[in-house]
Structures are given as C-alpha cells and as structure tokens.
file structure-v5.txt (compact mmCIF, C-alpha atoms and all ligand atoms)
# COMPACT_ATOMS: atom_id res chain seq x y z
CA MET A 10 131.38 34.36 35.20
CA PRO A 11 129.06 31.56 36.27
CA ARG A 12 125.40 32.40 36.46
CA ARG A 13 123.97 32.21 39.94
CA CYS A 14 121.14 29.77 40.44
CA THR A 15 118.20 31.41 42.19
CA VAL A 16 117.07 28.03 43.48
CA CYS A 17 120.48 27.14 44.97
CA ASP A 18 120.61 30.56 46.61
CA HIS A 19 117.08 30.24 47.93
CA PRO A 20 116.81 30.05 51.75
CA GLU A 21 114.30 27.22 51.37
CA ARG A 22 116.45 25.24 48.96
CA HIS A 23 116.09 21.99 50.87
CA SER A 24 112.31 22.23 50.83
CA ILE A 25 112.45 23.00 47.12
CA ASP A 26 114.69 19.98 46.50
CA GLU A 27 112.33 17.78 48.47
CA THR A 28 109.35 19.08 46.54
CA LEU A 29 111.12 18.51 43.21
CA VAL A 30 112.03 14.97 44.19
CA THR A 31 108.35 14.20 44.68
CA GLY A 32 107.85 15.02 41.00
CA ALA A 33 105.83 18.19 41.57
CA PRO A 34 105.27 20.18 38.34
CA TYR A 35 107.85 22.94 37.73
CA ARG A 36 105.09 25.50 37.45
CA SER A 37 103.66 24.81 40.89
CA VAL A 38 107.11 24.68 42.50
CA ALA A 39 108.06 27.95 40.84
CA LYS A 40 104.85 29.58 41.96
CA ARG A 41 105.05 28.29 45.51
CA PHE A 42 108.61 29.53 46.10
CA GLY A 43 108.46 32.65 43.94
CA LEU A 44 110.88 31.36 41.28
CA SER A 45 110.85 31.19 37.51
CA GLU A 46 109.88 27.92 35.86
CA SER A 47 113.06 27.82 33.79
CA SER A 48 115.33 28.23 36.79
CA VAL A 49 113.46 25.46 38.63
CA TYR A 50 113.86 23.22 35.59
CA ARG A 51 117.56 24.01 35.24
CA HIS A 52 118.15 23.51 38.94
CA LYS A 53 116.47 20.11 38.92
CA SER A 54 118.41 18.81 35.94
CA GLU A 55 121.78 20.39 36.69
CA HIS A 56 122.09 20.89 40.43
CA LEU A 57 119.78 18.54 42.28
CA PRO A 58 121.91 15.39 41.81
CA ALA A 59 124.96 17.25 43.14
CA HIS A 60 122.97 18.38 46.17
CA LEU A 61 122.03 14.80 46.91
CA LEU A 62 125.74 13.98 46.92
CA LYS A 63 126.83 17.07 48.82
CA ALA A 64 124.28 16.42 51.53
CA ARG A 65 126.04 13.10 52.01
CA GLU A 66 129.54 14.58 51.97
CA VAL A 67 128.84 17.11 54.66
CA GLU A 68 127.44 14.34 56.83
CA GLU A 69 123.86 15.21 56.23
CA VAL A 70 123.56 11.54 55.45
CA ALA A 71 120.05 11.19 56.73
CA GLN A 72 118.91 14.06 54.55
CA ALA A 73 120.49 12.65 51.38
CA ASP A 74 119.25 9.15 52.13
CA ASP A 75 115.77 10.48 52.71
CA LEU A 76 115.76 12.05 49.28
CA LEU A 77 117.17 8.93 47.68
CA VAL A 78 114.70 6.68 49.45
CA GLN A 79 111.91 8.95 48.25
CA VAL A 80 113.12 8.79 44.65
CA ARG A 81 113.34 5.01 44.82
CA TYR A 82 109.92 4.74 46.40
CA LEU A 83 108.46 6.99 43.72
CA GLN A 84 110.12 4.92 41.03
CA THR A 85 108.57 1.72 42.33
CA HIS A 86 105.26 3.48 42.63
CA ALA A 87 105.43 4.92 39.11
CA LEU A 88 106.18 1.48 37.66
CA ASP A 89 103.26 -0.01 39.61
CA ILE A 90 100.94 2.66 38.25
CA LEU A 91 102.30 2.01 34.77
CA GLU A 92 101.57 -1.69 35.08
CA HIS A 93 98.04 -1.16 36.37
CA ALA A 94 97.26 1.54 33.82
CA GLU A 95 98.46 -0.68 30.99
CA LYS A 96 96.32 -3.56 32.17
CA ALA A 97 93.34 -1.23 32.41
CA GLY A 98 94.09 0.20 28.96
CA ASP A 99 94.42 3.68 30.47
CA LEU A 100 97.05 5.04 28.10
CA ARG A 101 96.94 8.56 29.42
CA THR A 102 97.85 7.48 32.94
CA ALA A 103 100.39 5.02 31.57
CA LEU A 104 102.15 7.79 29.66
CA ALA A 105 102.24 10.01 32.73
CA ALA A 106 103.73 7.14 34.74
CA ILE A 107 106.35 6.49 32.05
CA SER A 108 107.33 10.12 32.06
CA GLN A 109 107.63 10.14 35.86
CA ALA A 110 109.57 6.87 35.84
CA ARG A 111 112.01 8.19 33.25
CA GLY A 112 112.67 11.31 35.32
CA ASN A 113 113.28 9.23 38.43
CA LEU A 114 115.55 6.92 36.49
CA GLU A 115 117.70 9.77 35.26
CA LEU A 116 117.96 11.23 38.73
CA LEU A 117 118.93 7.87 40.21
CA GLY A 118 121.46 7.31 37.44
CA LYS A 119 123.08 10.70 37.97
CA PHE A 120 123.18 10.14 41.70
CA ALA A 121 124.71 6.69 41.33
CA GLY A 122 127.27 8.08 38.87
CA GLN A 123 128.31 10.84 41.21
CA LEU A 124 128.74 8.50 44.12
CA ASP A 125 131.11 6.37 42.10
CA GLU A 126 134.54 7.91 42.40
CA ARG A 127 136.54 5.28 40.57
CA PRO A 128 138.76 6.81 37.88
CA VAL A 129 137.03 5.03 35.01
CA VAL A 130 134.64 6.22 32.37
CA ASN A 131 131.33 6.22 34.13
CA LEU A 132 128.40 5.72 31.83
CA ASN A 133 125.94 7.05 34.35
CA VAL A 134 127.32 10.60 34.22
CA SER A 135 127.94 10.68 30.48
CA PRO A 136 125.44 13.02 28.78
CA GLU A 137 125.63 10.81 25.69
CA TRP A 138 124.60 7.80 27.71
CA LEU A 139 121.77 9.64 29.42
CA GLU A 140 120.53 10.76 26.02
CA LEU A 141 120.90 7.32 24.49
CA ARG A 142 119.16 5.75 27.44
CA ALA A 143 116.25 8.17 27.08
CA VAL A 144 116.05 7.30 23.38
CA ILE A 145 116.05 3.58 24.10
CA VAL A 146 113.43 3.86 26.81
CA GLY A 147 111.36 6.17 24.61
CA ALA A 148 111.54 3.80 21.65
CA LEU A 149 110.17 1.00 23.80
CA GLU A 150 107.15 2.97 24.92
CA PRO A 151 104.80 1.24 22.42
CA HIS A 152 105.96 -2.13 23.79
CA PRO A 153 104.85 -2.15 27.41
CA ALA A 154 106.36 -5.42 28.58
CA ALA A 155 109.78 -4.68 27.06
CA HIS A 156 109.64 -1.11 28.26
CA THR A 157 108.98 -2.12 31.85
CA ALA A 158 111.66 -4.80 31.76
CA VAL A 159 114.27 -2.39 30.40
CA LEU A 160 113.35 0.28 32.93
CA ARG A 161 113.74 -2.21 35.76
CA ALA A 162 117.05 -3.47 34.42
CA LEU A 163 118.38 0.09 34.05
CA GLU A 164 117.20 0.93 37.51
CA SER A 165 119.01 -2.01 39.06
CA VAL A 166 122.21 -1.00 37.24
CA GLY A 167 121.79 2.56 38.49
CA ASN A 168 121.34 1.32 42.01
CA GLY A 169 124.22 -1.14 41.87
ZN ZN A 201 120.51 25.29 41.45

call {"tool": "encode", "arguments": {"input": "structure-v5.txt", "output": "structure tokens"}}
result
Amino acid sequence: MPRRCTVCDHPERHSIDETLVTGAPYRSVAKRFGLSESSVYRHKSEHLPAHLLKAREVEEVAQADDLLVQVRYLQTHALDILEHAEKAGDLRTALAAISQARGNLELLGKFAGQLDERPVVNLNVSPEWLELRAVIVGALEPHPAAHTAVLRALESVGNG
C-alpha cells in the first residue's frame, strides 16, 4: 500500500510547491504549513517535479510555467551570487549559492526529463545520472571556474 504524502494531500499544496521552489528551508516550510520536515523533504525530491508536469498536462500551463520560470530565474540568480561571492572571497556565501544552484539544477533536470516522452533511455530521469552529476558537480567545488562552467553546461542540456 503506497504511503500517502501529507504535502500532496494538503489543501494548500500549490502554495507549498511555490514556497519550495523559491528554495525556502524545509524547516520553515514545515512549520508554516504544519507539516513534518521529512515529509516536506520527501515531497520536494519525489513529487514536486511530477506536479510541475501534471500542472501542464491538466492545462494549468501558466501555473507550471510560472514555477519553471521561477526555478530558472533562481538558478541564474544563484550562479550570479556564486560568481560575486567567489570574487569577493566570501566562501560561506559561495557554498550556499552552490548548494542552491545544485538543487535548482536537479529540479530542472527532472522536469526536463519528465517532459521528454521519447521512448529512449533518458539520462535526466536516471537516478544513477542524477547521483553521478551531483558527484561531478561536487568534485568541482574547489575549482570555481570549472564548477561554474559545468553547471552552466548541465543547465543548458537540462533546458534543451
Ligand atoms: Zn508529495
């Protein structure tokens, strides 16, 4: 029997999804909507990409596009912050930006993968690929220029 997701069942699910997409901390989202942190985390990683797709399927195109536009905007913003923080030698902010950028990247990748219905192996939805990609991006963290370049390249593939 599948476990019910308290976030999916929540009457304010769309607001929760929107809040999650802005990168709000799980703890504050959980607190604000009376949910547990673990269910918010699970919902974001397992259900949110599908919601982005479903919103599109049921002709809530504007809603899905809004979310996607927000993720893309946040990604650009996170990479800008990363660049500035690196130039300023602010490693703490740079790390936070990297972490945000990686989350956005994974969300974009999952979304792109789910939109692609061709009957071929799709790297973007493969858990192995997502894991490998995280490892690659993580390994490049001490090398800012390479890290940024790889993130941008991955992002453009995800968007393609
Ligand atoms: Zn859920």

call {"tool": "atom_distance", "arguments": {"input": "structure-v5.txt", "atom1": "CA of Glu115 (chain A)", "atom2": "CA of Leu139 (chain A)"}}
result
7.1 Å

call {"tool": "residues_near_ligand", "arguments": {"input": "structure-v5.txt", "ligand": "ligand ZN 201 (chain A)", "cutoff": "6 Å", "atoms": "all atoms listed in the file", "output": "mmCIF file with C-alpha atoms, keeping the file's coordinate frame"}}
result
data_model
loop_
_atom_site.group_PDB
_atom_site.id
_atom_site.type_symbol
_atom_site.label_atom_id
_atom_site.label_comp_id
_atom_site.auth_asym_id
_atom_site.auth_seq_id
_atom_site.Cartn_x
_atom_site.Cartn_y
_atom_site.Cartn_z
ATOM 1 C CA CYS A 14 121.140 29.770 40.440
ATOM 2 C CA VAL A 16 117.070 28.030 43.480
ATOM 3 C CA CYS A 17 120.480 27.140 44.970
ATOM 4 C CA HIS A 52 118.150 23.510 38.940
ATOM 5 C CA HIS A 56 122.090 20.890 40.430
#

call {"tool": "closest_residue", "arguments": {"input": "structure-v5.txt", "among": "A:Val80, A:Ala103, A:Glu164, A:Gly118", "to": "Glu150 (chain A)", "atoms": "only C-alpha atoms"}}
result
A:Ala103

call {"tool": "residues_around", "arguments": {"input": "structure-v5.txt", "residues": "region 39-46 of chain A", "least_positions_apart": "2", "cutoff": "9 Å", "atoms": "only C-alpha atoms", "output": "PyMOL selection string"}}
result
chain A and resi 15-16+19+21+25+34-37+48-51

call {"tool": "atom_distance", "arguments": {"input": "structure-v5.txt", "atom1": "CA of Gln79 (chain A)", "atom2": "CA of Asp18 (chain A)"}}
result
23.4 Å

call {"tool": "atom_distance", "arguments": {"input": "structure-v5.txt", "atom1": "CA of Ile90 (chain A)", "atom2": "CA of Glu27 (chain A)"}}
result
21.5 Å

call {"tool": "residues_around", "arguments": {"input": "structure-v5.txt", "residues": "Leu100 (chain A)", "least_positions_apart": "4", "cutoff": "12 Å", "atoms": "all atoms listed in the file", "output": "PyMOL selection string"}}
result
chain A and resi 90-96+104-107+150-151+153

call {"tool": "closest_residue", "arguments": {"input": "structure-v5.txt", "among": "A:Ser54, A:Thr157, A:Ser24, A:Ser108", "to": "Asp89 (chain A)", "atoms": "all atoms listed in the file"}}
result
A:Thr157

call {"tool": "closest_residue", "arguments": {"input": "structure-v5.txt", "among": "A:Pro58, A:Ala110, A:Ala97, A:Thr102", "to": "Thr85 (chain A)", "atoms": "all atoms listed in the file"}}
result
A:Ala110

call {"tool": "closest_residue", "arguments": {"input": "structure-v5.txt", "among": "A:Ala158, A:Leu57, A:Pro20, A:Trp138", "to": "Asn113 (chain A)", "atoms": "only C-alpha atoms"}}
result
A:Leu57

call {"tool": "closest_residue", "arguments": {"input": "structure-v5.txt", "among": "A:Ala33, A:Val38, A:Leu83, A:Leu114", "to": "Arg161 (chain A)", "atoms": "only C-alpha atoms"}}
result
A:Leu114
